[in-house]
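Source file: work.pdb (PDB, C-alpha atoms and all ligand atoms)
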```pdb
ATOM      1  CA  MET A   1       8.075 -45.065 -22.144
ATOM      2  CA  GLU A   2       8.525 -46.132 -18.544
ATOM      3  CA  LYS A   3       6.109 -44.574 -16.073
ATOM      4  CA  VAL A   4       7.623 -42.429 -13.327
ATOM      5  CA  ILE A   5       5.457 -41.661 -10.317
ATOM      6  CA  ALA A   6       5.267 -37.916  -9.623
ATOM      7  CA  LEU A   7       2.926 -38.083  -6.673
ATOM      8  CA  SER A   8       1.523 -40.795  -4.501
ATOM      9  CA  ALA A   9      -1.199 -40.247  -1.890
ATOM     10  CA  LYS A  10      -1.745 -43.079   0.553
ATOM     11  CA  ASN A  11      -4.778 -43.204   2.879
ATOM     12  CA  ILE A  12      -5.003 -39.430   3.210
ATOM     13  CA  SER A  13      -7.935 -37.722   4.959
ATOM     14  CA  LYS A  14      -8.812 -34.374   6.520
ATOM     15  CA  THR A  15     -11.523 -33.337   8.981
ATOM     16  CA  PHE A  16     -12.053 -29.707   9.983
ATOM     17  CA  GLU A  17     -13.547 -28.743  13.317
ATOM     18  CA  ILE A  18     -15.657 -25.618  13.118
ATOM     19  CA  SER A  19     -17.470 -23.658  15.776
ATOM     20  CA  GLU A  20     -21.167 -23.263  14.982
ATOM     21  CA  ASP A  21     -21.700 -20.234  17.202
ATOM     22  CA  SER A  22     -18.784 -17.881  17.768
ATOM     23  CA  HIS A  23     -19.828 -16.067  21.030
ATOM     24  CA  ASN A  24     -17.554 -13.229  20.136
ATOM     25  CA  THR A  25     -19.166 -10.349  22.021
ATOM     26  CA  VAL A  26     -18.828  -9.853  25.811
ATOM     27  CA  LYS A  27     -22.626 -10.057  26.215
ATOM     28  CA  HIS A  28     -22.734 -13.263  24.241
ATOM     29  CA  ARG A  29     -19.936 -14.738  26.340
ATOM     30  CA  LEU A  30     -21.597 -13.812  29.662
ATOM     31  CA  PHE A  31     -24.950 -15.232  28.678
ATOM     32  CA  ASN A  32     -23.357 -18.372  27.367
ATOM     33  CA  LEU A  33     -20.822 -18.916  30.162
ATOM     34  CA  PHE A  34     -22.010 -22.480  30.746
ATOM     35  CA  ASN A  35     -22.928 -23.049  27.173
ATOM     36  CA  PRO A  36     -19.707 -23.131  25.149
ATOM     37  CA  PRO A  37     -19.850 -22.767  21.357
ATOM     38  CA  ARG A  38     -20.865 -26.005  19.690
ATOM     39  CA  LYS A  39     -18.211 -27.701  17.587
ATOM     40  CA  LYS A  40     -19.009 -29.416  14.354
ATOM     41  CA  LYS A  41     -16.771 -31.821  12.468
ATOM     42  CA  VAL A  42     -16.589 -31.448   8.701
ATOM     43  CA  PRO A  43     -15.090 -34.495   6.982
ATOM     44  CA  ALA A  44     -13.675 -32.493   4.048
ATOM     45  CA  LEU A  45     -11.708 -35.439   2.657
ATOM     46  CA  LYS A  46     -12.460 -39.048   3.492
ATOM     47  CA  MET A  47      -9.698 -41.645   3.236
ATOM     48  CA  THR A  48      -8.329 -41.868  -0.290
ATOM     49  CA  SER A  49      -5.291 -43.229  -2.147
ATOM     50  CA  PHE A  50      -4.050 -42.726  -5.713
ATOM     51  CA  GLU A  51      -0.933 -42.233  -7.790
ATOM     52  CA  ILE A  52      -0.166 -39.675 -10.496
ATOM     53  CA  ASN A  53       2.493 -40.297 -13.136
ATOM     54  CA  LYS A  54       4.982 -37.731 -14.355
ATOM     55  CA  GLY A  55       3.616 -35.738 -17.300
ATOM     56  CA  GLU A  56      -0.033 -36.549 -16.577
ATOM     57  CA  CYS A  57      -2.731 -33.887 -16.404
ATOM     58  CA  ILE A  58      -5.337 -34.986 -13.864
ATOM     59  CA  GLY A  59      -8.757 -33.348 -13.572
ATOM     60  CA  LEU A  60     -10.691 -32.971 -10.323
ATOM     61  CA  LEU A  61     -14.471 -32.740 -10.569
ATOM     62  CA  GLY A  62     -17.301 -32.408  -8.112
ATOM     63  CA  ARG A  63     -19.946 -30.046  -6.839
ATOM     64  CA  ASN A  64     -19.207 -27.049  -4.572
ATOM     65  CA  GLY A  65     -17.918 -28.101  -1.166
ATOM     66  CA  CYS A  66     -17.134 -31.711  -2.141
ATOM     67  CA  GLY A  67     -13.487 -31.335  -1.071
ATOM     68  CA  LYS A  68     -11.512 -30.550  -4.263
ATOM     69  CA  SER A  69      -9.621 -27.551  -2.853
ATOM     70  CA  THR A  70      -8.947 -29.368   0.413
ATOM     71  CA  LEU A  71      -7.464 -32.271  -1.552
ATOM     72  CA  VAL A  72      -5.129 -30.073  -3.621
ATOM     73  CA  LYS A  73      -4.039 -28.215  -0.483
ATOM     74  CA  LEU A  74      -3.176 -31.541   1.165
ATOM     75  CA  LEU A  75      -1.273 -32.679  -1.941
ATOM     76  CA  ALA A  76       0.604 -29.369  -2.099
ATOM     77  CA  GLY A  77       1.450 -29.527   1.612
ATOM     78  CA  VAL A  78      -0.540 -26.407   2.565
ATOM     79  CA  TYR A  79      -2.424 -28.474   5.178
ATOM     80  CA  PRO A  80      -1.047 -31.477   7.036
ATOM     81  CA  THR A  81      -3.038 -34.671   6.465
ATOM     82  CA  ASP A  82      -4.895 -36.221   9.454
ATOM     83  CA  THR A  83      -4.013 -39.712   8.266
ATOM     84  CA  GLY A  84      -1.702 -41.244   5.682
ATOM     85  CA  TYR A  85       0.924 -39.400   3.667
ATOM     86  CA  VAL A  86       1.691 -37.714   0.346
ATOM     87  CA  LYS A  87       4.932 -38.614  -1.419
ATOM     88  CA  ILE A  88       6.114 -36.044  -3.947
ATOM     89  CA  ASN A  89       8.800 -36.475  -6.598
ATOM     90  CA  GLY A  90       9.825 -32.916  -7.587
ATOM     91  CA  SER A  91       8.952 -29.330  -6.673
ATOM     92  CA  THR A  92       5.296 -28.327  -6.296
ATOM     93  CA  MET A  93       3.260 -25.192  -6.646
ATOM     94  CA  LEU A  94      -0.364 -24.534  -5.809
ATOM     95  CA  MET A  95      -2.119 -21.853  -7.767
ATOM     96  CA  ASN A  96      -5.509 -20.443  -7.037
ATOM     97  CA  LEU A  97      -6.833 -16.959  -6.644
ATOM     98  CA  GLY A  98      -4.138 -15.259  -4.597
ATOM     99  CA  VAL A  99      -2.928 -18.191  -2.535
ATOM    100  CA  GLY A 100       0.644 -17.959  -1.343
ATOM    101  CA  MET A 101       0.770 -14.203  -1.817
ATOM    102  CA  SER A 102       1.481 -11.998   1.133
ATOM    103  CA  HIS A 103      -0.812  -8.975   1.038
ATOM    104  CA  GLU A 104       1.571  -6.837   3.101
ATOM    105  CA  LEU A 105       4.328  -7.258   0.507
ATOM    106  CA  THR A 106       4.725  -5.537  -2.868
ATOM    107  CA  ALA A 107       4.505  -7.344  -6.228
ATOM    108  CA  ARG A 108       8.326  -7.273  -6.412
ATOM    109  CA  GLU A 109       8.717  -8.770  -2.924
ATOM    110  CA  ASN A 110       6.094 -11.424  -3.602
ATOM    111  CA  ILE A 111       7.921 -12.513  -6.746
ATOM    112  CA  TYR A 112      11.162 -12.975  -4.792
ATOM    113  CA  VAL A 113       9.454 -14.779  -1.906
ATOM    114  CA  SER A 114       7.493 -17.123  -4.215
ATOM    115  CA  GLY A 115      10.578 -17.760  -6.349
ATOM    116  CA  SER A 116      12.631 -18.657  -3.258
ATOM    117  CA  VAL A 117       9.891 -20.979  -2.009
ATOM    118  CA  LEU A 118      10.117 -22.724  -5.389
ATOM    119  CA  GLY A 119      13.842 -23.171  -4.852
ATOM    120  CA  LEU A 120      15.105 -20.509  -7.279
ATOM    121  CA  LYS A 121      18.296 -18.561  -6.533
ATOM    122  CA  ILE A 122      18.154 -14.739  -6.406
ATOM    123  CA  LYS A 123      20.012 -14.542  -9.745
ATOM    124  CA  GLU A 124      17.507 -16.911 -11.342
ATOM    125  CA  ILE A 125      14.625 -14.776 -10.076
ATOM    126  CA  ASP A 126      16.393 -11.621 -11.354
ATOM    127  CA  ALA A 127      16.494 -13.228 -14.806
ATOM    128  CA  ILE A 128      12.740 -13.886 -15.015
ATOM    129  CA  PHE A 129      11.557 -10.861 -13.006
ATOM    130  CA  ASP A 130      10.702  -8.617 -15.982
ATOM    131  CA  THR A 131       8.982 -11.429 -17.851
ATOM    132  CA  ILE A 132       6.765 -12.097 -14.807
ATOM    133  CA  ILE A 133       5.812  -8.430 -14.439
ATOM    134  CA  ASP A 134       5.176  -7.931 -18.160
ATOM    135  CA  PHE A 135       3.128 -11.097 -18.542
ATOM    136  CA  ALA A 136       1.009 -10.025 -15.554
ATOM    137  CA  GLU A 137       0.718  -6.525 -17.066
ATOM    138  CA  LEU A 138       1.681  -4.959 -13.722
ATOM    139  CA  ARG A 139       4.628  -2.768 -14.717
ATOM    140  CA  ASP A 140       3.072   0.314 -13.061
ATOM    141  CA  PHE A 141       2.443  -1.560  -9.804
ATOM    142  CA  VAL A 142       5.797  -3.279  -9.189
ATOM    143  CA  ASP A 143       6.376  -1.568  -5.848
ATOM    144  CA  THR A 144       2.779  -1.388  -4.671
ATOM    145  CA  LYS A 145       1.660  -3.615  -1.787
ATOM    146  CA  ILE A 146      -0.699  -6.175  -3.238
ATOM    147  CA  LYS A 147      -3.340  -5.393  -0.616
ATOM    148  CA  TYR A 148      -4.123  -2.429  -2.890
ATOM    149  CA  PHE A 149      -4.547  -4.687  -5.948
ATOM    150  CA  SER A 150      -7.881  -5.871  -7.284
ATOM    151  CA  SER A 151      -8.438  -9.628  -6.926
ATOM    152  CA  GLY A 152      -7.894 -10.004 -10.686
ATOM    153  CA  MET A 153      -4.509  -8.267 -10.432
ATOM    154  CA  VAL A 154      -3.407 -10.546  -7.573
ATOM    155  CA  ALA A 155      -4.530 -13.553  -9.574
ATOM    156  CA  ARG A 156      -2.642 -12.345 -12.651
ATOM    157  CA  LEU A 157       0.531 -11.969 -10.620
ATOM    158  CA  GLY A 158       0.108 -15.494  -9.193
ATOM    159  CA  PHE A 159      -0.526 -16.906 -12.640
ATOM    160  CA  SER A 160       2.494 -15.173 -14.100
ATOM    161  CA  ILE A 161       4.793 -16.419 -11.320
ATOM    162  CA  ALA A 162       3.471 -19.945 -11.845
ATOM    163  CA  VAL A 163       3.963 -19.807 -15.611
ATOM    164  CA  ASN A 164       7.450 -18.353 -15.490
ATOM    165  CA  ALA A 165       8.900 -19.889 -12.349
ATOM    166  CA  GLY A 166       6.757 -23.043 -12.565
ATOM    167  CA  ALA A 167       7.370 -26.140 -10.487
ATOM    168  CA  ASP A 168       7.484 -29.779 -11.678
ATOM    169  CA  ILE A 169       4.041 -30.516 -10.257
ATOM    170  CA  MET A 170       1.410 -27.809 -10.575
ATOM    171  CA  PHE A 171      -1.892 -27.774  -8.704
ATOM    172  CA  LEU A 172      -4.197 -25.424 -10.555
ATOM    173  CA  ASP A 173      -7.425 -24.563  -8.765
ATOM    174  CA  GLU A 174      -9.850 -22.861 -11.186
ATOM    175  CA  ILE A 175      -7.036 -20.889 -12.827
ATOM    176  CA  PHE A 176      -8.853 -20.181 -16.040
ATOM    177  CA  ALA A 177     -11.190 -17.943 -14.094
ATOM    178  CA  VAL A 178      -8.187 -15.637 -13.515
ATOM    179  CA  GLY A 179      -8.312 -12.001 -14.656
ATOM    180  CA  ASP A 180     -10.482 -10.491 -17.359
ATOM    181  CA  MET A 181     -11.364 -12.057 -20.721
ATOM    182  CA  LYS A 182      -8.237 -10.815 -22.482
ATOM    183  CA  PHE A 183      -6.001 -12.221 -19.745
ATOM    184  CA  GLN A 184      -7.906 -15.523 -19.714
ATOM    185  CA  GLU A 185      -7.254 -15.988 -23.437
ATOM    186  CA  LYS A 186      -3.574 -15.296 -22.868
ATOM    187  CA  ALA A 187      -3.502 -17.720 -19.920
ATOM    188  CA  ILE A 188      -5.061 -20.513 -21.962
ATOM    189  CA  LYS A 189      -2.682 -19.866 -24.852
ATOM    190  CA  VAL A 190       0.427 -20.120 -22.663
ATOM    191  CA  PHE A 191      -0.986 -23.164 -20.863
ATOM    192  CA  GLU A 192      -1.492 -24.930 -24.195
ATOM    193  CA  SER A 193       1.646 -23.831 -25.988
ATOM    194  CA  SER A 194       4.357 -24.417 -23.455
ATOM    195  CA  TRP A 195       3.223 -25.182 -20.000
ATOM    196  CA  ILE A 196       1.374 -28.441 -20.197
ATOM    197  CA  GLU A 197       4.335 -30.087 -21.953
ATOM    198  CA  GLY A 198       6.466 -32.037 -19.528
ATOM    199  CA  LYS A 199       4.706 -30.822 -16.392
ATOM    200  CA  THR A 200       2.550 -32.867 -14.075
ATOM    201  CA  VAL A 201      -0.698 -30.995 -13.531
ATOM    202  CA  VAL A 202      -3.691 -31.404 -11.224
ATOM    203  CA  LEU A 203      -6.472 -29.248 -12.595
ATOM    204  CA  VAL A 204      -9.582 -28.324 -10.572
ATOM    205  CA  SER A 205     -12.295 -27.005 -12.841
ATOM    206  CA  HIS A 206     -16.039 -26.781 -13.197
ATOM    207  CA  SER A 207     -15.571 -26.552 -16.961
ATOM    208  CA  MET A 208     -16.116 -29.933 -18.574
ATOM    209  CA  ASP A 209     -14.608 -28.636 -21.824
ATOM    210  CA  THR A 210     -11.361 -27.747 -20.052
ATOM    211  CA  ILE A 211     -11.168 -31.092 -18.247
ATOM    212  CA  ARG A 212     -12.008 -33.033 -21.409
ATOM    213  CA  LYS A 213      -9.435 -31.130 -23.447
ATOM    214  CA  TYR A 214      -6.427 -31.467 -21.156
ATOM    215  CA  CYS A 215      -6.901 -34.338 -18.695
ATOM    216  CA  ASN A 216      -6.084 -37.942 -19.480
ATOM    217  CA  ARG A 217      -7.469 -39.146 -16.124
ATOM    218  CA  SER A 218      -9.788 -37.483 -13.623
ATOM    219  CA  GLY A 219     -11.147 -37.839 -10.126
ATOM    220  CA  TYR A 220     -14.811 -37.366  -9.317
ATOM    221  CA  MET A 221     -15.563 -36.339  -5.720
ATOM    222  CA  LYS A 222     -18.776 -36.234  -3.728
ATOM    223  CA  ASN A 223     -19.266 -35.232  -0.072
ATOM    224  CA  GLY A 224     -15.549 -35.465   0.697
ATOM    225  CA  GLU A 225     -15.188 -38.827  -0.964
ATOM    226  CA  MET A 226     -13.162 -39.745  -4.043
ATOM    227  CA  VAL A 227     -15.933 -41.748  -5.654
ATOM    228  CA  TYR A 228     -14.023 -42.454  -8.876
ATOM    229  CA  PHE A 229     -10.467 -41.964 -10.151
ATOM    230  CA  GLY A 230      -9.726 -42.990 -13.724
ATOM    231  CA  ASP A 231     -10.995 -42.371 -17.239
ATOM    232  CA  THR A 232     -11.948 -38.690 -17.759
ATOM    233  CA  GLU A 233     -15.138 -39.417 -19.742
ATOM    234  CA  LYS A 234     -16.419 -41.691 -16.976
ATOM    235  CA  ALA A 235     -15.646 -39.045 -14.307
ATOM    236  CA  ILE A 236     -17.505 -36.413 -16.359
ATOM    237  CA  GLU A 237     -20.462 -38.783 -16.767
ATOM    238  CA  LEU A 238     -20.683 -39.272 -12.987
ATOM    239  CA  TYR A 239     -20.401 -35.521 -12.357
ATOM    240  CA  MET A 240     -23.121 -34.752 -14.919
ATOM    241  CA  ALA A 241     -25.416 -37.341 -13.326
ATOM    242  CA  ASP A 242     -24.792 -35.682  -9.941
ATOM    243  CA  ASN A 243     -25.933 -32.355 -11.410
ATOM    244  CA  GLN A 244     -29.277 -33.688 -12.700
TER     245      GLN A 244
HETATM  246  N1  LIG A 301     -10.146 -24.101   6.436
HETATM  247  C1  LIG A 301     -11.332 -24.690   6.608
HETATM  248  N2  LIG A 301     -11.896 -24.746   7.845
HETATM  249  C2  LIG A 301     -13.075 -25.365   8.039
HETATM  250  N3  LIG A 301     -13.790 -25.960   7.067
HETATM  251  C3  LIG A 301     -13.267 -25.956   5.816
HETATM  252  C4  LIG A 301     -12.031 -25.319   5.524
HETATM  253  N4  LIG A 301     -11.764 -25.481   4.204
HETATM  254  C5  LIG A 301     -12.804 -26.175   3.694
HETATM  255  N5  LIG A 301     -13.708 -26.470   4.664
HETATM  256  C6  LIG A 301     -14.944 -27.249   4.482
HETATM  257  O1  LIG A 301     -14.583 -28.463   3.838
HETATM  258  C7  LIG A 301     -15.541 -28.823   2.844
HETATM  259  C8  LIG A 301     -14.849 -28.955   1.503
HETATM  260  O2  LIG A 301     -14.453 -27.659   1.055
HETATM  261  P1  LIG A 301     -13.547 -27.426  -0.244
HETATM  262  O3  LIG A 301     -13.197 -25.978  -0.295
HETATM  263  O4  LIG A 301     -12.442 -28.407  -0.255
HETATM  264  O5  LIG A 301     -14.592 -27.771  -1.421
HETATM  265  P2  LIG A 301     -14.474 -27.564  -3.002
HETATM  266  O6  LIG A 301     -14.907 -28.854  -3.631
HETATM  267  O7  LIG A 301     -13.144 -27.049  -3.374
HETATM  268  O8  LIG A 301     -15.604 -26.455  -3.264
HETATM  269  P3  LIG A 301     -15.739 -25.329  -4.439
HETATM  270  O9  LIG A 301     -16.098 -26.043  -5.712
HETATM  271  O10 LIG A 301     -16.866 -24.496  -3.930
HETATM  272  O11 LIG A 301     -14.440 -24.578  -4.515
HETATM  273  C9  LIG A 301     -16.626 -27.750   2.890
HETATM  274  O12 LIG A 301     -17.684 -28.235   3.685
HETATM  275  C10 LIG A 301     -15.936 -26.563   3.547
HETATM  276  O13 LIG A 301     -16.873 -25.813   4.280
END
```
If you took the structure in this file and wrote it as structure tokens, what would it be?
Ligand SMILES: Nc1ncnc2c1ncn2[C@@H]1O[C@H](COP(=O)(O)OP(=O)(O)OP(=O)(O)O)[C@@H](O)[C@H]1O
Amino acid sequence: MEKVIALSAKNISKTFEISEDSHNTVKHRLFNLFNPPRKKKVPALKMTSFEINKGECIGLLGRNGCGKSTLVKLLAGVYPTDTGYVKINGSTMLMNLGVGMSHELTARENIYVSGSVLGLKIKEIDAIFDTIIDFAELRDFVDTKIKYFSSGMVARLGFSIAVNAGADIMFLDEIFAVGDMKFQEKAIKVFESSWIEGKTVVLVSHSMDTIRKYCNRSGYMKNGEMVYFGDTEKAIELYMADNQ
């Protein structure tokens, strides 16, 4: 079968500038009038390029803070890149714990907003609305603002929207940590039975079993750098060596 490119990242990078000392009280500000807060640059993603083919499931591995979430946010267009560009062929959706949800809106409103962002028409959202609510097991909370939800409930709603309204390219950041054990089993079942087929997936996970099971290629990152992008077993080997 001919390969179709779903996503191509060319020379992308991202550096954050953070203030080391916030000086946020009046006293602090007065005493530090001539001593402004120090800025620190965090190179969260150093220059990298790669391509992902349609239908591939790509794993992203690396220790805490190595830049995995920053990379998926750049690919999904949540952050602009400092350099280079990301070319996307299809609709995208980023899923992690609660991202993209507005806490001032109810579950119902969030479903309509997320569905519209994914390009669905109101009628199309109407058609999948009940399935989303039932899968998330949130029937009693349809018209409750999600700021009153537990983090697991928000995550379940996000997962259910992603499963039922899903985009062509899915960025899944530690999704199997969503909800309680019963929900996790359900999430894995739906991921395996229907979802992974035909979708392009970028999967961030600290679970080697998950990466090994689903990903044909993987990226291994260290200190903001994509050290390796290719065979999953090799990426796992490098990650394991980094954890010694
Ligand atoms: N919005 C932000 N503003 C400033 N610094 C940030 C921001 N987001 C991430 N960083 C920094 O960028 C670096 C990479 O963070 P990132 O969240 O991408 O790592 P990660 O590999 O996803 O980590 P984890 O496995 O813990 O989720 C870290 O040093 C982090 O402190």
Distance limit 6 Å, reference ligand LIG 301 (chain A), atoms considered: only C-alpha atoms and all ligand atoms. Which residues make the cut? Give them as number ranges by chain.
A: 16, 18, 44, 63-70
From the options A:Lys73, A:Val4, A:Ser207, A:Val163, which residue's atoms come nearest to Val190 (chain A), counting only C-alpha atoms?
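That would be A:Val163, the residue with the smallest distance to Val190 (chain A).
The two atoms in question, CA of Phe191 (chain A) and CA of Thr131 (chain A), are spaced 15.7 Å apart.
The nearest approach to Ala165 (chain A) among the residues A:Lys121, A:His28, A:Arg217, A:Lys46, with only C-alpha atoms taken into account, belongs to A:Lys121.
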With a distance cut-off of 12 Å and only C-alpha atoms, select the neighbouring residues of Phe135 (chain A), excluding the residue or stretch itself and same-chain residues fewer than 4 positions from it, and output the selection as a PDB file with C-alpha atoms, in the frame of the given file.
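Contents of result17.pdb, freshly written:
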```
ATOM      1  CA  ILE A 128      12.740 -13.886 -15.015  1.00  0.00           C
ATOM      2  CA  PHE A 129      11.557 -10.861 -13.006  1.00  0.00           C
ATOM      3  CA  ASP A 130      10.702  -8.617 -15.982  1.00  0.00           C
ATOM      4  CA  THR A 131       8.982 -11.429 -17.851  1.00  0.00           C
ATOM      5  CA  ARG A 139       4.628  -2.768 -14.717  1.00  0.00           C
ATOM      6  CA  MET A 153      -4.509  -8.267 -10.432  1.00  0.00           C
ATOM      7  CA  ARG A 156      -2.642 -12.345 -12.651  1.00  0.00           C
ATOM      8  CA  LEU A 157       0.531 -11.969 -10.620  1.00  0.00           C
ATOM      9  CA  GLY A 158       0.108 -15.494  -9.193  1.00  0.00           C
ATOM     10  CA  PHE A 159      -0.526 -16.906 -12.640  1.00  0.00           C
ATOM     11  CA  SER A 160       2.494 -15.173 -14.100  1.00  0.00           C
ATOM     12  CA  ILE A 161       4.793 -16.419 -11.320  1.00  0.00           C
ATOM     13  CA  ALA A 162       3.471 -19.945 -11.845  1.00  0.00           C
ATOM     14  CA  VAL A 163       3.963 -19.807 -15.611  1.00  0.00           C
ATOM     15  CA  ASN A 164       7.450 -18.353 -15.490  1.00  0.00           C
ATOM     16  CA  PHE A 183      -6.001 -12.221 -19.745  1.00  0.00           C
ATOM     17  CA  GLN A 184      -7.906 -15.523 -19.714  1.00  0.00           C
ATOM     18  CA  LYS A 186      -3.574 -15.296 -22.868  1.00  0.00           C
ATOM     19  CA  ALA A 187      -3.502 -17.720 -19.920  1.00  0.00           C
ATOM     20  CA  VAL A 190       0.427 -20.120 -22.663  1.00  0.00           C
TER      21      VAL A 190
END
```
Take the PyMOL selection byres (((chain A and resi 225) around 12) and not hetatm), run it mentally on this structure, and tell me the resulting residues as a VMD selection string.
chain A and resid 11 to 15 43 to 49 60 to 63 65 to 68 70 to 71 219 to 224 226 to 229
Test item: axis-aligned box, all listed atoms of region 80-98 of chain A, 8 Å on each side, centre and edges in Å rounded to one decimal, as AutoDock Vina command-line options:
```
--center_x 1.5 --center_y -28.3 --center_z 0.8 --size_x 32.7 --size_y 42.0 --size_z 33.2
```
Select, from A:Ile133, A:Val202, A:Ile88, A:Leu30, the residue with the minimum atom-to-atom distance to Ser218 (chain A), counting all atoms listed in the file.
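For Ser218 (chain A), the nearest of the given residues is A:Val202.
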Please report the interatomic distance between CA of Ala155 (chain A) and CA of Lys87 (chain A) in Å with one decimal.
28.0 Å
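Applied to the shown file, the PyMOL selection byres (((chain A and resi 120) around 12) and not hetatm) selects the residues Ser91, Ile111, Tyr112, Val113, Ser114, Gly115, Ser116, Val117, Leu118, Gly119, Lys121, Ile122, Lys123, Glu124, Ile125, Asp126, Ala127, Ile128, Phe129, Ile161, Asn164, Ala165, Gly166 and Ala167 of chain A.
Closest to Glu51 (chain A) among A:Ala76, A:Leu7, A:Met93, A:Ile211 is A:Leu7, based on only C-alpha atoms.
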Assuming the input is short of atoms at region 232-244 of chain A, produce N, CA and C atoms for that part as a PDB file, in the coordinates of the input.
```pdb
ATOM      1  N   THR A 232     -11.321 -40.015 -17.859  1.00  0.00           N
ATOM      2  CA  THR A 232     -11.948 -38.690 -17.759  1.00  0.00           C
ATOM      3  C   THR A 232     -13.423 -38.705 -18.183  1.00  0.00           C
ATOM      4  N   GLU A 233     -13.744 -39.397 -19.273  1.00  0.00           N
ATOM      5  CA  GLU A 233     -15.138 -39.417 -19.742  1.00  0.00           C
ATOM      6  C   GLU A 233     -16.064 -39.999 -18.689  1.00  0.00           C
ATOM      7  N   LYS A 234     -15.604 -41.035 -18.015  1.00  0.00           N
ATOM      8  CA  LYS A 234     -16.419 -41.691 -16.976  1.00  0.00           C
ATOM      9  C   LYS A 234     -16.628 -40.720 -15.794  1.00  0.00           C
ATOM     10  N   ALA A 235     -15.555 -40.005 -15.422  1.00  0.00           N
ATOM     11  CA  ALA A 235     -15.646 -39.045 -14.307  1.00  0.00           C
ATOM     12  C   ALA A 235     -16.641 -37.934 -14.662  1.00  0.00           C
ATOM     13  N   ILE A 236     -16.581 -37.462 -15.919  1.00  0.00           N
ATOM     14  CA  ILE A 236     -17.505 -36.413 -16.359  1.00  0.00           C
ATOM     15  C   ILE A 236     -18.945 -36.921 -16.325  1.00  0.00           C
ATOM     16  N   GLU A 237     -19.131 -38.161 -16.770  1.00  0.00           N
ATOM     17  CA  GLU A 237     -20.462 -38.783 -16.767  1.00  0.00           C
ATOM     18  C   GLU A 237     -21.043 -38.792 -15.347  1.00  0.00           C
ATOM     19  N   LEU A 238     -20.219 -39.197 -14.385  1.00  0.00           N
ATOM     20  CA  LEU A 238     -20.683 -39.272 -12.987  1.00  0.00           C
ATOM     21  C   LEU A 238     -21.028 -37.878 -12.462  1.00  0.00           C
ATOM     22  N   TYR A 239     -20.177 -36.897 -12.810  1.00  0.00           N
ATOM     23  CA  TYR A 239     -20.401 -35.521 -12.357  1.00  0.00           C
ATOM     24  C   TYR A 239     -21.691 -34.955 -12.958  1.00  0.00           C
ATOM     25  N   MET A 240     -21.908 -35.237 -14.246  1.00  0.00           N
ATOM     26  CA  MET A 240     -23.121 -34.752 -14.919  1.00  0.00           C
ATOM     27  C   MET A 240     -24.351 -35.372 -14.263  1.00  0.00           C
ATOM     28  N   ALA A 241     -24.266 -36.649 -13.940  1.00  0.00           N
ATOM     29  CA  ALA A 241     -25.416 -37.341 -13.326  1.00  0.00           C
ATOM     30  C   ALA A 241     -25.717 -36.725 -11.955  1.00  0.00           C
ATOM     31  N   ASP A 242     -24.649 -36.292 -11.271  1.00  0.00           N
ATOM     32  CA  ASP A 242     -24.792 -35.682  -9.941  1.00  0.00           C
ATOM     33  C   ASP A 242     -25.450 -34.304 -10.031  1.00  0.00           C
ATOM     34  N   ASN A 243     -25.374 -33.695 -11.226  1.00  0.00           N
ATOM     35  CA  ASN A 243     -25.933 -32.355 -11.410  1.00  0.00           C
ATOM     36  C   ASN A 243     -27.368 -32.378 -11.947  1.00  0.00           C
ATOM     37  N   GLN A 244     -27.907 -33.586 -12.149  1.00  0.00           N
ATOM     38  CA  GLN A 244     -29.277 -33.688 -12.700  1.00  0.00           C
ATOM     39  C   GLN A 244     -30.301 -33.186 -11.679  1.00  0.00           C
TER      40      GLN A 244
END
```
